[in-house]
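Everything below belongs to query09.pdb, which stores PDB, C-alpha atoms, pLDDT in the B column.
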```
ATOM      1  CA  PHE A 965       0.000   0.000   0.000  1.00 59.00           C
ATOM      2  CA  GLN A 966       2.868   2.332   0.790  1.00 65.00           C
ATOM      3  CA  LYS A 967       4.363   1.862  -2.657  1.00 68.00           C
ATOM      4  CA  VAL A 968       1.045   2.722  -4.331  1.00 62.00           C
ATOM      5  CA  MET A 969       0.770   5.914  -2.270  1.00 61.00           C
ATOM      6  CA  GLU A 970       4.322   6.942  -3.074  1.00 67.00           C
ATOM      7  CA  HIS A 971       3.708   6.316  -6.745  1.00 61.00           C
ATOM      8  CA  ALA A 972       0.440   8.389  -6.707  1.00 54.00           C
ATOM      9  CA  VAL A 973       2.101  11.301  -4.847  1.00 57.00           C
ATOM     10  CA  ALA A 974       5.020  11.251  -7.284  1.00 58.00           C
ATOM     11  CA  ARG A 975       2.661  11.246 -10.245  1.00 55.00           C
ATOM     12  CA  VAL A 976       0.610  14.197  -8.899  1.00 50.00           C
ATOM     13  CA  SER A 977       3.714  16.227  -8.232  1.00 52.00           C
ATOM     14  CA  THR A 978       5.063  15.610 -11.741  1.00 50.00           C
ATOM     15  CA  ASP A 979       1.654  16.484 -13.297  1.00 47.00           C
ATOM     16  CA  ASP A 980       1.575  19.822 -11.432  1.00 46.00           C
ATOM     17  CA  GLU A 981       5.049  20.737 -12.650  1.00 47.00           C
ATOM     18  CA  SER A 982       4.394  19.703 -16.285  1.00 48.00           C
ATOM     19  CA  GLN A 983       1.207  21.763 -16.785  1.00 49.00           C
ATOM     20  CA  ASP A 984       1.556  25.304 -18.014  1.00 50.00           C
ATOM     21  CA  ASP A 985      -0.816  28.180 -17.116  1.00 50.00           C
ATOM     22  CA  THR A 986      -3.001  28.033 -20.260  1.00 55.00           C
ATOM     23  CA  GLY A 987      -3.816  24.341 -19.828  1.00 60.00           C
ATOM     24  CA  GLY A 988      -5.062  24.918 -16.298  1.00 66.00           C
ATOM     25  CA  PHE A 989      -7.171  27.899 -17.360  1.00 74.00           C
ATOM     26  CA  ILE A 990      -8.885  25.866 -20.115  1.00 80.00           C
ATOM     27  CA  VAL A 991      -9.628  23.067 -17.662  1.00 80.00           C
ATOM     28  CA  ILE A 992     -11.208  25.552 -15.234  1.00 83.00           C
ATOM     29  CA  ILE A 993     -13.378  27.088 -18.000  1.00 86.00           C
ATOM     30  CA  LYS A 994     -14.393  23.626 -19.201  1.00 87.00           C
ATOM     31  CA  ASP A 995     -15.336  22.579 -15.672  1.00 87.00           C
ATOM     32  CA  CYS A 996     -17.362  25.789 -15.141  1.00 89.00           C
ATOM     33  CA  PHE A 997     -19.212  25.304 -18.435  1.00 92.00           C
ATOM     34  CA  ILE A 998     -19.992  21.658 -17.698  1.00 93.00           C
ATOM     35  CA  GLY A 999     -21.164  22.643 -14.210  1.00 92.00           C
ATOM     36  CA  MET A1000     -23.503  25.354 -15.559  1.00 94.00           C
ATOM     37  CA  VAL A1001     -24.972  23.043 -18.203  1.00 95.00           C
ATOM     38  CA  PHE A1002     -25.495  20.299 -15.633  1.00 94.00           C
ATOM     39  CA  GLY A1003     -27.085  22.811 -13.231  1.00 93.00           C
ATOM     40  CA  LEU A1004     -29.495  24.111 -15.913  1.00 92.00           C
ATOM     41  CA  LEU A1005     -30.445  20.582 -16.917  1.00 94.00           C
ATOM     42  CA  THR A1006     -31.069  19.670 -13.280  1.00 91.00           C
ATOM     43  CA  ILE A1007     -33.226  22.748 -12.671  1.00 86.00           C
ATOM     44  CA  SER A1008     -35.149  22.164 -15.905  1.00 87.00           C
ATOM     45  CA  CYS A1009     -35.742  18.541 -14.983  1.00 89.00           C
ATOM     46  CA  LEU A1010     -36.950  19.504 -11.497  1.00 84.00           C
ATOM     47  CA  ILE A1011     -39.321  22.152 -12.872  1.00 80.00           C
ATOM     48  CA  PHE A1012     -40.657  19.633 -15.401  1.00 84.00           C
ATOM     49  CA  LEU A1013     -41.251  17.039 -12.682  1.00 86.00           C
ATOM     50  CA  ASP A1014     -42.890  19.679 -10.490  1.00 82.00           C
ATOM     51  CA  HIS A1015     -45.139  20.803 -13.341  1.00 78.00           C
ATOM     52  CA  HIS A1016     -46.398  17.236 -13.800  1.00 83.00           C
ATOM     53  CA  ASN A1017     -46.925  16.917 -10.018  1.00 81.00           C
ATOM     54  CA  ILE A1018     -44.367  14.148  -9.635  1.00 82.00           C
ATOM     55  CA  ILE A1019     -42.480  16.175  -7.050  1.00 80.00           C
ATOM     56  CA  HIS A1020     -43.436  19.365  -5.241  1.00 80.00           C
ATOM     57  CA  LEU A1021     -41.093  22.357  -5.142  1.00 77.00           C
ATOM     58  CA  GLN A1022     -42.563  25.530  -3.722  1.00 82.00           C
ATOM     59  CA  SER A1023     -39.941  27.703  -5.392  1.00 79.00           C
ATOM     60  CA  ALA A1024     -40.873  26.255  -8.800  1.00 73.00           C
ATOM     61  CA  HIS A1025     -44.531  27.060  -8.108  1.00 78.00           C
ATOM     62  CA  ASN A1026     -43.602  30.591  -7.092  1.00 82.00           C
ATOM     63  CA  PHE A1027     -41.453  31.023 -10.196  1.00 79.00           C
ATOM     64  CA  ARG A1028     -44.238  29.752 -12.470  1.00 78.00           C
ATOM     65  CA  GLU A1029     -46.843  31.992 -10.809  1.00 83.00           C
ATOM     66  CA  ALA A1030     -44.571  35.029 -11.138  1.00 85.00           C
ATOM     67  CA  ALA A1031     -44.019  34.251 -14.823  1.00 82.00           C
ATOM     68  CA  PHE A1032     -47.776  33.906 -15.453  1.00 82.00           C
ATOM     69  CA  GLN A1033     -48.510  37.133 -13.587  1.00 85.00           C
ATOM     70  CA  SER A1034     -45.848  38.926 -15.583  1.00 83.00           C
ATOM     71  CA  LEU A1035     -47.222  37.621 -18.883  1.00 78.00           C
ATOM     72  CA  ASN A1036     -50.806  38.483 -17.911  1.00 81.00           C
ATOM     73  CA  ASN A1037     -49.874  42.048 -16.970  1.00 85.00           C
ATOM     74  CA  PRO A1038     -51.472  44.404 -19.555  1.00 86.00           C
ATOM     75  CA  GLU A1039     -48.391  46.627 -19.585  1.00 88.00           C
ATOM     76  CA  THR A1040     -46.119  43.666 -20.328  1.00 85.00           C
ATOM     77  CA  ILE A1041     -48.452  42.472 -23.079  1.00 84.00           C
ATOM     78  CA  ALA A1042     -48.568  45.973 -24.590  1.00 86.00           C
ATOM     79  CA  ASN A1043     -44.755  46.150 -24.569  1.00 87.00           C
ATOM     80  CA  LEU A1044     -44.481  42.707 -26.189  1.00 83.00           C
ATOM     81  CA  GLU A1045     -47.072  43.618 -28.823  1.00 85.00           C
ATOM     82  CA  GLU A1046     -45.303  46.879 -29.594  1.00 87.00           C
ATOM     83  CA  SER A1047     -41.852  45.336 -29.844  1.00 88.00           C
ATOM     84  CA  SER A1048     -42.984  42.341 -31.908  1.00 87.00           C
ATOM     85  CA  GLY A1049     -45.401  44.262 -34.134  1.00 87.00           C
ATOM     86  CA  MET A1050     -48.105  41.632 -33.531  1.00 86.00           C
ATOM     87  CA  LYS A1051     -51.421  41.632 -31.684  1.00 83.00           C
ATOM     88  CA  PHE A1052     -51.891  38.993 -28.987  1.00 80.00           C
ATOM     89  CA  MET A1053     -55.345  37.569 -28.353  1.00 80.00           C
ATOM     90  CA  THR A1054     -56.954  34.971 -26.165  1.00 82.00           C
ATOM     91  CA  SER A1055     -57.589  31.498 -27.508  1.00 86.00           C
ATOM     92  CA  GLU A1056     -61.362  32.070 -27.264  1.00 91.00           C
ATOM     93  CA  GLN A1057     -61.089  35.222 -29.355  1.00 90.00           C
ATOM     94  CA  TYR A1058     -58.841  33.439 -31.850  1.00 90.00           C
ATOM     95  CA  ASN A1059     -61.265  30.501 -32.115  1.00 93.00           C
ATOM     96  CA  SER A1060     -64.264  32.800 -32.611  1.00 94.00           C
ATOM     97  CA  TRP A1061     -62.435  34.764 -35.324  1.00 92.00           C
ATOM     98  CA  GLN A1062     -61.291  31.553 -36.999  1.00 93.00           C
ATOM     99  CA  LYS A1063     -64.883  30.234 -36.939  1.00 94.00           C
ATOM    100  CA  GLU A1064     -66.111  33.517 -38.442  1.00 93.00           C
ATOM    101  CA  ILE A1065     -63.472  33.304 -41.181  1.00 93.00           C
ATOM    102  CA  ASP A1066     -64.406  29.693 -41.958  1.00 92.00           C
ATOM    103  CA  GLU A1067     -68.100  30.607 -42.129  1.00 92.00           C
ATOM    104  CA  ALA A1068     -67.310  33.566 -44.378  1.00 93.00           C
ATOM    105  CA  THR A1069     -65.284  31.295 -46.640  1.00 91.00           C
ATOM    106  CA  SER A1070     -68.166  28.838 -46.952  1.00 91.00           C
ATOM    107  CA  LYS A1071     -70.591  31.719 -47.596  1.00 93.00           C
ATOM    108  CA  MET A1072     -68.272  33.046 -50.287  1.00 94.00           C
ATOM    109  CA  GLU A1073     -68.135  29.613 -51.924  1.00 93.00           C
ATOM    110  CA  SER A1074     -71.932  29.294 -51.936  1.00 93.00           C
ATOM    111  CA  ALA A1075     -72.282  32.877 -53.221  1.00 94.00           C
ATOM    112  CA  LYS A1076     -69.743  32.132 -55.951  1.00 95.00           C
ATOM    113  CA  GLN A1077     -71.726  29.033 -56.932  1.00 94.00           C
ATOM    114  CA  LYS A1078     -74.978  31.050 -57.020  1.00 95.00           C
ATOM    115  CA  LEU A1079     -73.263  33.720 -59.106  1.00 95.00           C
ATOM    116  CA  GLU A1080     -72.047  31.116 -61.602  1.00 95.00           C
ATOM    117  CA  ASP A1081     -75.534  29.566 -61.788  1.00 95.00           C
ATOM    118  CA  ARG A1082     -77.197  32.936 -62.293  1.00 95.00           C
ATOM    119  CA  THR A1083     -74.609  33.957 -64.877  1.00 94.00           C
ATOM    120  CA  LYS A1084     -75.362  30.795 -66.848  1.00 94.00           C
ATOM    121  CA  GLU A1085     -79.085  31.451 -66.450  1.00 93.00           C
ATOM    122  CA  ALA A1086     -78.652  35.048 -67.634  1.00 92.00           C
ATOM    123  CA  GLU A1087     -76.724  33.863 -70.696  1.00 91.00           C
ATOM    124  CA  THR A1088     -79.473  31.346 -71.463  1.00 91.00           C
ATOM    125  CA  LYS A1089     -82.184  33.984 -71.040  1.00 89.00           C
ATOM    126  CA  SER A1090     -80.319  36.477 -73.223  1.00 87.00           C
ATOM    127  CA  THR A1091     -80.036  33.897 -76.019  1.00 88.00           C
ATOM    128  CA  GLU A1092     -83.791  33.218 -75.652  1.00 87.00           C
ATOM    129  CA  LEU A1093     -84.534  36.955 -75.559  1.00 85.00           C
ATOM    130  CA  ALA A1094     -82.800  37.874 -78.827  1.00 84.00           C
ATOM    131  CA  PRO A1095     -85.428  36.241 -81.124  1.00 85.00           C
ATOM    132  CA  LEU A1096     -88.244  37.693 -79.006  1.00 82.00           C
ATOM    133  CA  GLU A1097     -86.821  41.209 -79.340  1.00 83.00           C
ATOM    134  CA  GLU A1098     -86.672  40.792 -83.095  1.00 83.00           C
ATOM    135  CA  GLU A1099     -90.298  39.618 -83.162  1.00 80.00           C
ATOM    136  CA  TYR A1100     -91.313  42.500 -80.879  1.00 75.00           C
ATOM    137  CA  GLU A1101     -89.699  45.028 -83.200  1.00 79.00           C
ATOM    138  CA  LYS A1102     -91.486  43.449 -86.163  1.00 79.00           C
ATOM    139  CA  LEU A1103     -94.828  43.659 -84.333  1.00 73.00           C
ATOM    140  CA  VAL A1104     -94.317  47.222 -83.178  1.00 72.00           C
ATOM    141  CA  ASN A1105     -93.333  48.387 -86.644  1.00 76.00           C
ATOM    142  CA  ASN A1106     -95.985  46.332 -88.459  1.00 78.00           C
ATOM    143  CA  PRO A1107     -98.581  48.733 -89.921  1.00 77.00           C
ATOM    144  CA  LEU A1108    -101.339  46.094 -89.667  1.00 76.00           C
ATOM    145  CA  VAL A1109    -101.023  45.954 -85.852  1.00 74.00           C
ATOM    146  CA  GLY A1110    -100.724  49.701 -85.585  1.00 78.00           C
ATOM    147  CA  LEU A1111     -98.624  49.941 -82.419  1.00 78.00           C
ATOM    148  CA  ASP A1112     -96.734  52.824 -83.974  1.00 79.00           C
ATOM    149  CA  LYS A1113     -99.964  54.827 -83.627  1.00 84.00           C
ATOM    150  CA  TYR A1114    -100.386  54.038 -79.894  1.00 85.00           C
ATOM    151  CA  CYS A1115    -100.686  57.134 -77.664  1.00 87.00           C
ATOM    152  CA  GLY A1116     -99.857  56.279 -74.039  1.00 88.00           C
ATOM    153  CA  GLU A1117    -100.474  59.802 -72.662  1.00 90.00           C
ATOM    154  CA  CYS A1118    -103.886  60.186 -74.311  1.00 89.00           C
ATOM    155  CA  LYS A1119    -107.107  59.869 -72.286  1.00 88.00           C
ATOM    156  CA  TRP A1120    -108.916  56.530 -72.351  1.00 83.00           C
ATOM    157  CA  SER A1121    -112.656  57.142 -72.180  1.00 80.00           C
ATOM    158  CA  GLY A1122    -111.966  60.329 -70.233  1.00 74.00           C
ATOM    159  CA  ARG A1123    -111.124  58.666 -66.917  1.00 80.00           C
ATOM    160  CA  THR A1124    -107.516  57.452 -67.193  1.00 89.00           C
ATOM    161  CA  THR A1125    -104.657  57.432 -69.668  1.00 92.00           C
ATOM    162  CA  CYS A1126    -104.136  54.762 -72.262  1.00 92.00           C
ATOM    163  CA  ASP A1127    -100.990  53.587 -70.403  1.00 92.00           C
ATOM    164  CA  GLY A1128    -103.105  53.237 -67.247  1.00 92.00           C
ATOM    165  CA  ARG A1129    -105.683  51.156 -69.182  1.00 92.00           C
ATOM    166  CA  ALA A1130    -102.885  48.981 -70.650  1.00 92.00           C
ATOM    167  CA  ASP A1131    -101.452  48.406 -67.147  1.00 93.00           C
ATOM    168  CA  TYR A1132    -104.916  47.483 -65.877  1.00 92.00           C
ATOM    169  CA  LEU A1133    -105.396  44.943 -68.682  1.00 92.00           C
ATOM    170  CA  LYS A1134    -101.896  43.557 -68.163  1.00 92.00           C
ATOM    171  CA  ASN A1135    -102.310  43.115 -64.393  1.00 93.00           C
ATOM    172  CA  THR A1136    -105.938  41.960 -64.392  1.00 92.00           C
ATOM    173  CA  TYR A1137    -105.850  39.525 -67.308  1.00 92.00           C
ATOM    174  CA  ASN A1138    -102.094  38.672 -67.322  1.00 90.00           C
ATOM    175  CA  LEU A1139    -101.718  39.999 -70.850  1.00 89.00           C
ATOM    176  CA  SER A1140     -98.408  40.779 -72.456  1.00 86.00           C
ATOM    177  CA  PRO A1141     -97.535  44.486 -72.827  1.00 86.00           C
ATOM    178  CA  VAL A1142     -98.237  44.357 -76.595  1.00 83.00           C
ATOM    179  CA  ALA A1143    -101.639  42.670 -76.153  1.00 87.00           C
ATOM    180  CA  ALA A1144    -102.545  45.173 -73.420  1.00 89.00           C
ATOM    181  CA  LYS A1145    -101.681  48.118 -75.694  1.00 88.00           C
ATOM    182  CA  ILE A1146    -103.724  46.607 -78.529  1.00 87.00           C
ATOM    183  CA  GLY A1147    -106.627  46.182 -76.077  1.00 89.00           C
ATOM    184  CA  ALA A1148    -106.363  49.813 -75.033  1.00 88.00           C
ATOM    185  CA  MET A1149    -106.299  50.875 -78.703  1.00 87.00           C
ATOM    186  CA  ASN A1150    -109.816  49.447 -79.124  1.00 86.00           C
ATOM    187  CA  THR A1151    -110.881  52.882 -77.887  1.00 85.00           C
ATOM    188  CA  PRO A1152    -110.193  55.387 -80.715  1.00 85.00           C
ATOM    189  CA  SER A1153    -108.797  57.994 -78.295  1.00 86.00           C
ATOM    190  CA  CYS A1154    -105.668  55.843 -77.775  1.00 86.00           C
ATOM    191  CA  LYS A1155    -104.708  56.044 -81.461  1.00 84.00           C
ATOM    192  CA  LYS A1156    -102.670  58.877 -82.890  1.00 82.00           C
ATOM    193  CA  GLU A1157    -103.982  60.442 -86.031  1.00 74.00           C
TER     194      GLU A1157
END
```
With the file now loaded, output its structure as structure tokens.
Amino acid sequence: FQKVMEHAVARVSTDDESQDDTGGFIVIIKDCFIGMVFGLLTISCLIFLDHHNIIHLQSAHNFREAAFQSLNNPETIANLEESSGMKFMTSEQYNSWQKEIDEATSKMESAKQKLEDRTKEAETKSTELAPLEEEYEKLVNNPLVGLDKYCGECKWSGRTTCDGRADYLKNTYNLSPVAAKIGAMNTPSCKKE
């Protein structure tokens, strides 16, 4: 045992003499860094275990409560919003806005579908309307029908205008505007000379 001790003491004394100052400084820095990392990992592990109620550390509870109070402080939130350029909101507010956006998106899709349907319907109606307009122009300009001689502002039997009589015939008997005008022209006062 004595020989082992002498050998260990001799080895330590030779190691101290062989090291220079920079080697010792690097070892001290390395040891400090390893110690800080190990300390942070230990504290993080303890806080994690405390958060999951595996262990109970009052200082961890106090630290967590102080952090929550700091983050819930309106002044702190205003400073964070100002520095980050973003607006913070509660999860309820976010969820309600997200729901509103989703509903608006679905409404837009249904409105877009209605618009497409109505556009197709309008195109179909306009293609159906073109021949009717041509026929209407032929009827209006046909001298046998005599619609070119119709006087809408003239008096019909002294009580109303010819346009009023045509509207009455159109609404009462579901006549077309042309048939209603022809019906009003049965009274000679609705014809221009």
Gap from atom CA of A:Glu1097 to atom CA of A:Val1142 - Å, one decimal: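 So the two atoms, atom CA of A:Glu1097 and atom CA of A:Val1142, lie 12.2 Å apart.
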Would you pick out the contacts of A:Asp1014 at 10 Å or less, using all atoms listed in the file, so that residues sharing its chain but fewer than 6 positions from it are not included, and give the list as an NGL selection string? :A and (1008 or 1020-1025)
Residue IDs satisfying the PyMOL selection byres ((chain A and resi 1146) around 10), as an mmCIF file with C-alpha atoms, keeping the file's coordinate frame:
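Final output, result02.cif:
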```cif
data_model
loop_
_atom_site.group_PDB
_atom_site.id
_atom_site.type_symbol
_atom_site.label_atom_id
_atom_site.label_comp_id
_atom_site.auth_asym_id
_atom_site.auth_seq_id
_atom_site.Cartn_x
_atom_site.Cartn_y
_atom_site.Cartn_z
ATOM 1 C CA VAL A 1109 -101.023 45.954 -85.852
ATOM 2 C CA GLY A 1110 -100.724 49.701 -85.585
ATOM 3 C CA LEU A 1111 -98.624 49.941 -82.419
ATOM 4 C CA TYR A 1114 -100.386 54.038 -79.894
ATOM 5 C CA ALA A 1130 -102.885 48.981 -70.650
ATOM 6 C CA SER A 1140 -98.408 40.779 -72.456
ATOM 7 C CA PRO A 1141 -97.535 44.486 -72.827
ATOM 8 C CA VAL A 1142 -98.237 44.357 -76.595
ATOM 9 C CA ALA A 1143 -101.639 42.670 -76.153
ATOM 10 C CA ALA A 1144 -102.545 45.173 -73.420
ATOM 11 C CA LYS A 1145 -101.681 48.118 -75.694
ATOM 12 C CA GLY A 1147 -106.627 46.182 -76.077
ATOM 13 C CA ALA A 1148 -106.363 49.813 -75.033
ATOM 14 C CA MET A 1149 -106.299 50.875 -78.703
ATOM 15 C CA ASN A 1150 -109.816 49.447 -79.124
ATOM 16 C CA THR A 1151 -110.881 52.882 -77.887
ATOM 17 C CA CYS A 1154 -105.668 55.843 -77.775
ATOM 18 C CA LYS A 1155 -104.708 56.044 -81.461
#
```
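Take atom CA of A:Leu1010 and atom CA of A:Ala1031: the distance between them is 16.7 Å.
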Restricting to only C-alpha atoms, whichever of A:Cys1126, A:Ala1042, A:Ala1068, A:Met1053 is closest to A:Pro1152 is A:Cys1126
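Straight-line separation from atom CA of A:Asn1043 to atom CA of A:Arg1028: 20.4 Å.
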